[in-house]
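Okay, so here's the structure we're looking at.
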Amino acid sequence: MKNVDDMIEDVLDEIMSKMVRMKKARMMKVKGKQIARKRKLAMKRKANPEKLKKRAAKKARDIVAKKLLKDRSKSDLSISGKENLEKRLAKKKGVIAKIAKRILPQVRKAENERLAKKREKDSQ
């Protein structure tokens, strides 16, 4: 059986049709609380390098999407608009990878700051 995190990562990589989006929405409705509980536990630990790379890739993807959308937000798009955006992002995988590699140190720094803040809060 697939891990819940793997399912979420698959969603990021594929161009989703309307039916697939609806299926993922149903899956998230069922698994949402479980995912939230696991995320809360995972946030107590330091992220491994693979997880940091995934975060950097997601941020890079968001940066490119923001440039493509200009002043519109992703939530304002229709389903066909989201599909179109996914197709355009799929063509820009090289750019996304370069940006992800460039922002990886920032993601690492943010992770270290987050953990330092958490330890400071726990020690009080």
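Order determines the names: the first chain of the structure tokens is A, the second B, and so forth; residues in each chain are numbered 1 upward, and ligands are numbered 1 upward as they are shown.
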
### Message
What's around Ala57 (chain A) at 9 Å? Count only C-alpha atoms, leave out sequence neighbours fewer than 6 positions away in its own chain, and write the answer as a list of chain:residue names.
### Response
A:Ile96, A:Ala97, A:Ile99, A:Ala100, A:Lys101, A:Ile103, A:Leu104

### Task
Write down as a VMD selection string the residues belonging to chain A that are assigned alpha helix (DSSP H) by DSSP computed on the backbone.
chain A and resid 4 to 13 18 to 42 49 to 69 79 to 91 93 to 123

### Query
When distances are computed from only C-alpha atoms, which of A:Glu120, A:Lys70, A:Ala90, A:Asn112 shows the smallest separation from Ala47 (chain A)?
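Residue with the minimum atom-to-atom distance to Ala47 (chain A): A:Asn112.
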
### Message
Just the number, please: distance in Å from CA of Val107 (chain A) to CA of Lys53 (chain A), one decimal.
### Response
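Distance between the two atoms: 8.4 Å.
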
### Message
Just the number, please: distance in Å from CA of Ala116 (chain A) to CA of Asn48 (chain A), one decimal.
### Response
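Pair CA of Ala116 (chain A) / CA of Asn48 (chain A) returns 16.0 Å.
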
### Message
Between CA of Arg61 (chain A) and CA of Leu85 (chain A), what is the distance in Å, rounded to a tenth?
### Response
11.0 Å
